[in-house]
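Report on the following structure.
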There are 2 protein chains.
Amino acid sequence: MTPRKHEEIADSLTHDILVGQYRCGERLPSERDLAVRFDANRGAVREAMKKLEQLGLASIQPGGARVAPLQEASLDVIGHMLALGEVPDEDLVDQVLQVLGSLAALAAESAVARASDAELAAIRARVRPLMQTQTDRAAHAEARFAMVAAMMEASGNLVCRLIARSLLLQLAPRMVPLEGHVVVDFDTHRDLARQLDGALAERDSAAVRAAIQAMARLNRDSARRAIDAIRAPQAEVYPQ
Amino acid sequence: MTPRKHEEIADSLTHDILVGQYRCGERLPSERDLAVRFDANRGAVREAMKKLEQLGLASIQPGGARVAPLQEASLDVIGHMLALGEVPDEDLVDQVLQVLGSLAALAAESAVARASDAELAAIRARVRPLMQTQTDRAAHAEARFAMVAAMMEASGNLVCRLIARSLLLQLAPRMVPLEGHVVVDFDTHRDLARQLDGALAERDSAAVRAAIQAMARLNRDSARRAIDAIRAPQAEVYPQ
DNA sequence: TGACCATTATGGTCTGACCATACCGGTCAG
DNA sequence: CTGACCGGTATGGTCAGACCATAATGGTCA
């Protein structure tokens with residue numbers, strides 16, 4: 001037996017809450033009852049409940065734990081929501097990518113405003129690989145990530161970095177199974193990279209934002225198409 | 001004695017880490033040592049360490065817990081960082097307000113794109129109070145908050161809402177002591193609100209973004225001036 | 001000097017108990 | 001019959017102590 005009993009319990013309860021097994025405001029079973037149901041000691045159940053409260057999915061109070069409204073949850077629930085199905089929900093993925101795009105644009109603007117010439121040159125060095133025609137999806141994605149990471153760092157905005165990191169850590173593992181279905185428009189990316197490079201060179205804040213947001217838009221469309229593509233064959237298994 | 005021993009321990013350790021008492025990568029004392037130092041049960045220390053790991057400030061592994069780099073922390077550390085001094089760090093506050101502004105702009109754009117006419121009317125109803133000349137800071141702040149909340153809700157972007165909520169919950173309590181020093185430019189806010197209302201009426205995404213970002217800019221400047229104002233007298237205590 | 005291994009220390013888990021309090025029932029006065 | 005009151009019970013919160021698997025440590029030996 002794996003010693004992660006509390007993880008099993010927490011995952012089970014998290015799943016039940018997210019799929020609506022327990023309604024918002026409803027009372028969860030007592031720790032002792034859950035201990036019996038999961039054949040675990042109360043300490044394990046307690047750790048699981050702590051995890052639920054940390055996720056903001058439940059509020060524990062003397063007298064009983066209750067399911068909290070999803071809008072009051074922690075940002076970390078996104079990862080669990082993305083993991084609900086074999087394929088992540090495309091609307092939720094789109095929301096995450098929208099936010100990441102906005103934060104990247106913000107970071108880029110801040111970087112343009114704050115960065116020294118040397119730092120700006122370092123960022124442009126991360127843009128350069130994207131300015132050339134590529135064909136390797138993985139390498140291209142890696143280059144894009146490195147570019148955004150460099151701008152986030154140069155922005156000096158810790159809040160921005162923490163959010164972006166958290167979202168990426170939650171999103172990345174759910175996008176892995178989609179890799180085979182992602183189609184990247186290398187040419188458009190290349191053109192945007194060149195626009196971005198020029199905008200960085202001139203410290204043109206508006207142009208930088210425009211280029212970053214256009215890139216984010218590409219990513220969003222690409223992700224949505226990939227999810228559609230992986231969903232379609234599954235639907236065709238039962239055509240009637 | 002209050003039964004929140006683990007909170008006391010967690011707060012103490014969090015403070016020590018954030019002020020650099022323990023360097024990044026350094027090993028924290030063992031749970032048993034900390035239990036002796038804080039005159040507490042090991043379970044209490046353990047809960048505190050769990051909290052530290054949840055905050056991303058420490059990584060607990062068999063063999064010992066180590067201080068994690070701040071860039072890998074959870075978004076929730078922002079609240080603790082803001083609480084380090086009597087007056088929150090103005091650069092960090094500015095970063096939070098920058099991100100909140102970006103998210104508000106994103107939410108507004110999404111709302112304009114998605115909302116039904118009725119929903120849009122509901123948002124404009126929240127803008128209306130800001131279009132009239134006001135003098136009550138608290139009421140004005142409340143109206144601004146309600147407007148942003150309405151747009152966040154209409155955006156349908158859960159990720160955006162969760163982040164904004166988390167940041168506001170962490171920032172709000174630290175801004176309370178500054179309230180007396182905040183000077184709000186009611187007239188400019190009124191003009192921007194009118195621009196925003198017109199942009200919403202025409203579903204002009206770019207104009208909506210511009211108005212929201214201008215409002216966010218006002219908020220940032222206002223917060224920075226308030227912090228400067230509350231810091232200045234403190235500095236003058238020792239003029240030499 | 002270096003690799004190997006036994007000792008030690010550490011986090012992870014489990015058991016059981018006690019406490020303060022919220023919840024729920026019956027009881028009794030009005 | 002209705003209401004407030006009060007006790008029992010269940011719940012979460014905490015504490016204490018023990019055992020286990022494993023990483024860190026230091027000595028030993030080739």
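Chain labels A, B, ... are given in the sequence in which chains occur in the structure tokens; within each chain residues are numbered consecutively from 1, and ligands are likewise numbered from 1 in the order shown.
Proximity to chain A at a cut-off of 9 Å picks out DA10, DT11, DG12 and DG13 of chain D on chain D, counting only C-alpha atoms (C1' of nucleotides).
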Produce a file of the selected residues containing N, CA and C atoms (P, O5', C5', C4', C3', O3' and C1' of nucleotides), as an mmCIF file, in the first residue's frame.
```cif
data_model
loop_
_atom_site.group_PDB
_atom_site.id
_atom_site.type_symbol
_atom_site.label_atom_id
_atom_site.label_comp_id
_atom_site.auth_asym_id
_atom_site.auth_seq_id
_atom_site.Cartn_x
_atom_site.Cartn_y
_atom_site.Cartn_z
ATOM 1 P P DA D 10 -23.370 10.094 19.431
ATOM 2 O "O5'" DA D 10 -22.783 11.031 18.289
ATOM 3 C "C5'" DA D 10 -23.685 11.822 17.509
ATOM 4 C "C4'" DA D 10 -22.934 13.005 16.926
ATOM 5 C "C3'" DA D 10 -21.624 12.638 16.230
ATOM 6 O "O3'" DA D 10 -21.581 13.255 14.955
ATOM 7 C "C1'" DA D 10 -21.242 14.343 17.827
ATOM 8 P P DT D 11 -20.453 12.902 13.923
ATOM 9 O "O5'" DT D 11 -19.571 14.218 13.907
ATOM 10 C "C5'" DT D 11 -20.184 15.491 13.689
ATOM 11 C "C4'" DT D 11 -19.185 16.575 13.997
ATOM 12 C "C3'" DT D 11 -17.778 16.275 13.492
ATOM 13 O "O3'" DT D 11 -17.498 17.031 12.342
ATOM 14 C "C1'" DT D 11 -17.777 17.190 15.718
ATOM 15 P P DG D 12 -16.126 16.733 11.576
ATOM 16 O "O5'" DG D 12 -15.174 17.857 12.171
ATOM 17 C "C5'" DG D 12 -15.495 19.228 11.974
ATOM 18 C "C4'" DG D 12 -14.712 20.094 12.931
ATOM 19 C "C3'" DG D 12 -13.207 20.197 12.647
ATOM 20 O "O3'" DG D 12 -12.795 21.524 12.901
ATOM 21 C "C1'" DG D 12 -13.536 19.405 14.821
ATOM 22 P P DG D 13 -11.227 21.904 12.782
ATOM 23 O "O5'" DG D 13 -10.745 21.745 14.292
ATOM 24 C "C5'" DG D 13 -10.885 22.861 15.177
ATOM 25 C "C4'" DG D 13 -9.886 22.730 16.311
ATOM 26 C "C3'" DG D 13 -8.436 22.595 15.842
ATOM 27 O "O3'" DG D 13 -7.614 23.492 16.577
ATOM 28 C "C1'" DG D 13 -9.000 20.807 17.289
#
```
Could you please select, counting only C-alpha atoms (C1' of nucleotides), the residues of chain C within 8 Å of chain A and state them as a compact mmCIF listing (two decimals) with N, CA and C atoms (P, O5', C5', C4', C3', O3' and C1' of nucleotides), in the first residue's frame?
```
# COMPACT_ATOMS: atom_id res chain seq x y z
P DT C 13 2.50 10.61 4.82
O5' DT C 13 2.11 9.58 5.97
C5' DT C 13 2.55 8.23 5.90
C4' DT C 13 2.21 7.49 7.16
C3' DT C 13 0.74 7.59 7.57
O3' DT C 13 0.11 6.33 7.34
C1' DT C 13 2.24 7.77 9.44
P DC C 14 -1.46 6.16 7.53
O5' DC C 14 -1.56 5.67 9.04
C5' DC C 14 -0.81 4.52 9.44
C4' DC C 14 -0.88 4.36 10.94
C3' DC C 14 -2.29 4.43 11.54
O3' DC C 14 -2.66 3.16 12.05
C1' DC C 14 -0.70 5.70 12.81
P DT C 21 -15.15 26.99 24.27
O5' DT C 21 -16.10 26.42 23.13
C5' DT C 21 -15.58 26.22 21.82
C4' DT C 21 -16.58 25.48 20.95
C3' DT C 21 -18.02 26.01 21.02
O3' DT C 21 -18.52 26.12 19.70
C1' DT C 21 -18.01 23.70 21.29
P DA C 22 -19.52 27.36 19.34
O5' DA C 22 -20.46 26.72 18.21
C5' DA C 22 -19.85 26.09 17.09
C4' DA C 22 -20.61 24.84 16.70
C3' DA C 22 -22.10 25.05 16.45
O3' DA C 22 -22.47 24.41 15.23
C1' DA C 22 -21.78 23.31 18.02
P DC C 23 -23.91 24.67 14.61
O5' DC C 23 -24.69 23.31 14.94
C5' DC C 23 -24.10 22.07 14.55
C4' DC C 23 -24.87 20.93 15.18
C3' DC C 23 -26.39 21.03 15.03
O3' DC C 23 -26.87 19.88 14.35
C1' DC C 23 -25.78 20.51 17.27
```
Note to self: I want to know what sits within 10 Å of DG27 of chain D, based on only C-alpha atoms (C1' of nucleotides), with residues of the same chain fewer than 3 positions away left out; could you give that as number ranges by chain?
What the structure shows: C: 5-7
Write the residues of the preceding selection, restricted to C-alpha atoms (C1' of nucleotides), as a short mmCIF file (atom, residue, chain, number, x, y, z; two decimals), in the first residue's frame.
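Writing done, so here's out-v9.cif:
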```cif
data_model
loop_
_atom_site.label_atom_id
_atom_site.label_comp_id
_atom_site.auth_asym_id
_atom_site.auth_seq_id
_atom_site.Cartn_x
_atom_site.Cartn_y
_atom_site.Cartn_z
"C1'" DC C 5 28.60 0.65 5.53
"C1'" DA C 6 26.44 1.06 10.15
"C1'" DT C 7 24.54 4.61 13.02
#
```
Margin query: If DSSP is run on the backbone, what residues of segment 23-232 of chain A are alpha helix (DSSP H)? A reply as a PyMOL selection string would be ideal.
Written below: chain A and resi 31-37+42-55+77-82+90-114+117-131+137-155+158-175+186-201+205-232
Next item on the list: Please run DSSP on the backbone and report, as a PyMOL selection string, all residues within segment 52-226 of chain B that come out as strand (DSSP E or B).
Entry: chain B and resi 58-61+64-67
I need the chosen residues saved as a PDB file, in the first residue's frame, with N, CA and C atoms.
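Ended up saving to out29.pdb:
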```pdb
ATOM      1  N   ALA B  58       8.918  26.774   1.613  1.00  0.00           N
ATOM      2  CA  ALA B  58       9.834  25.704   1.998  1.00  0.00           C
ATOM      3  C   ALA B  58       9.428  24.438   1.253  1.00  0.00           C
ATOM      4  N   SER B  59      10.389  23.610   0.998  1.00  0.00           N
ATOM      5  CA  SER B  59      10.092  22.322   0.397  1.00  0.00           C
ATOM      6  C   SER B  59      10.490  21.242   1.391  1.00  0.00           C
ATOM      7  N   ILE B  60       9.506  20.462   1.808  1.00  0.00           N
ATOM      8  CA  ILE B  60       9.731  19.449   2.826  1.00  0.00           C
ATOM      9  C   ILE B  60      10.062  18.134   2.149  1.00  0.00           C
ATOM     10  N   GLN B  61      11.159  17.559   2.539  1.00  0.00           N
ATOM     11  CA  GLN B  61      11.570  16.267   1.999  1.00  0.00           C
ATOM     12  C   GLN B  61      12.096  15.414   3.134  1.00  0.00           C
ATOM     13  N   GLY B  64      14.973  16.488   5.632  1.00  0.00           N
ATOM     14  CA  GLY B  64      14.983  17.868   6.077  1.00  0.00           C
ATOM     15  C   GLY B  64      14.225  18.790   5.163  1.00  0.00           C
ATOM     16  N   ALA B  65      13.792  19.918   5.728  1.00  0.00           N
ATOM     17  CA  ALA B  65      13.073  20.920   4.951  1.00  0.00           C
ATOM     18  C   ALA B  65      14.043  22.031   4.547  1.00  0.00           C
ATOM     19  N   ARG B  66      13.877  22.505   3.329  1.00  0.00           N
ATOM     20  CA  ARG B  66      14.760  23.558   2.844  1.00  0.00           C
ATOM     21  C   ARG B  66      13.947  24.758   2.391  1.00  0.00           C
ATOM     22  N   VAL B  67      14.554  25.939   2.497  1.00  0.00           N
ATOM     23  CA  VAL B  67      13.900  27.169   2.063  1.00  0.00           C
ATOM     24  C   VAL B  67      13.881  27.203   0.538  1.00  0.00           C
TER      25      VAL B  67
END
```
Compute the chain B side of the contact with chain A at 10 Å, counting only C-alpha atoms, and hand it back as a CSV table (one decimal) with C-alpha atoms, in the first residue's frame.
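Saved to iface_27.csv:
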```csv
chain,number,residue,atom,x,y,z
B,47,GLU,CA,1.1,21.7,10.7
B,50,LYS,CA,2.7,22.2,6.0
B,51,LYS,CA,1.6,25.7,5.8
B,54,GLN,CA,1.7,25.3,0.9
B,70,LEU,CA,10.8,33.2,-3.6
B,71,GLN,CA,10.0,33.0,-7.3
B,72,GLU,CA,8.6,29.5,-6.8
B,73,ALA,CA,6.3,30.5,-4.0
B,74,SER,CA,2.5,30.5,-4.0
B,75,LEU,CA,0.5,33.6,-4.8
B,76,ASP,CA,-0.5,33.7,-1.2
B,77,VAL,CA,2.9,34.9,-0.1
B,78,ILE,CA,2.0,38.3,-1.4
B,91,ASP,CA,6.5,48.7,-5.1
B,92,LEU,CA,4.8,45.5,-4.3
B,93,VAL,CA,1.4,47.3,-3.9
B,94,ASP,CA,2.1,48.8,-7.3
B,95,GLN,CA,2.7,45.4,-8.8
B,96,VAL,CA,-0.5,44.0,-7.4
B,97,LEU,CA,-2.5,46.9,-8.7
B,98,GLN,CA,-0.8,46.6,-12.1
B,99,VAL,CA,-1.9,42.9,-12.3
B,100,LEU,CA,-5.4,43.7,-11.0
B,101,GLY,CA,-5.6,46.4,-13.7
B,102,SER,CA,-4.6,44.1,-16.4
B,103,LEU,CA,-7.1,41.4,-15.3
B,105,ALA,CA,-9.1,45.1,-18.6
B,106,LEU,CA,-9.1,41.5,-19.8
B,107,ALA,CA,-12.4,40.9,-18.0
B,110,SER,CA,-14.3,39.5,-22.5
B,153,GLU,CA,-18.5,38.0,-13.4
B,155,SER,CA,-16.5,37.9,-18.4
B,156,GLY,CA,-17.2,34.3,-17.6
B,157,ASN,CA,-13.5,33.9,-16.9
B,158,LEU,CA,-13.1,31.8,-13.7
B,159,VAL,CA,-9.3,32.0,-13.7
B,160,CYS,CA,-9.5,35.8,-13.9
B,161,ARG,CA,-12.0,35.9,-11.0
B,162,LEU,CA,-10.0,33.6,-8.8
B,163,ILE,CA,-6.8,35.6,-9.2
B,164,ALA,CA,-8.5,38.9,-8.7
B,165,ARG,CA,-10.3,37.7,-5.6
B,166,SER,CA,-7.1,36.3,-4.1
B,167,LEU,CA,-5.1,39.4,-4.7
```
Margin query: To one decimal place in Å, what is the distance between atom CA of His140 of chain A and atom CA of Val127 of chain A?
Written below: 10.9 Å
Contacts of Arg190 of chain A within 7 Å, only C-alpha atoms (C1' of nucleotides), excl. fewer than 4 positions in-chain, as a compact mmCIF listing (two decimals) with C-alpha atoms, in the first residue's frame:
```
# COMPACT_ATOMS: atom_id res chain seq x y z
CA LEU A 130 11.46 32.53 -33.10
CA MET A 131 12.37 34.85 -35.97
CA GLN A 132 13.75 31.98 -37.99
CA THR A 133 11.68 29.38 -39.74
CA PHE A 186 5.28 28.71 -37.66
CA ARG A 194 10.06 39.97 -36.06
```
Note to self: When you look at DT2 of chain D with a cut-off of 12 Å (counting only C-alpha atoms (C1' of nucleotides)), what residues show up, excluding the ones that are within fewer than 5 positions of it in the same chain? I need them as a PyMOL selection string.
What the structure shows: chain C and resi 28-30
Write the residues you've just listed into a file as a short mmCIF file (atom, residue, chain, number, x, y, z; two decimals), in the first residue's frame, and include C-alpha atoms (C1' of nucleotides) for each of them.
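Contents of again-v8.cif, freshly written:
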```cif
data_model
loop_
_atom_site.label_atom_id
_atom_site.label_comp_id
_atom_site.auth_asym_id
_atom_site.auth_seq_id
_atom_site.Cartn_x
_atom_site.Cartn_y
_atom_site.Cartn_z
"C1'" DC C 28 -40.64 21.59 31.57
"C1'" DA C 29 -42.70 26.16 32.44
"C1'" DG C 30 -45.95 29.34 30.53
#
```
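For the pair atom CA of Met49 of chain A and atom CA of Arg27 of chain B, the interatomic distance is 28.4 Å.
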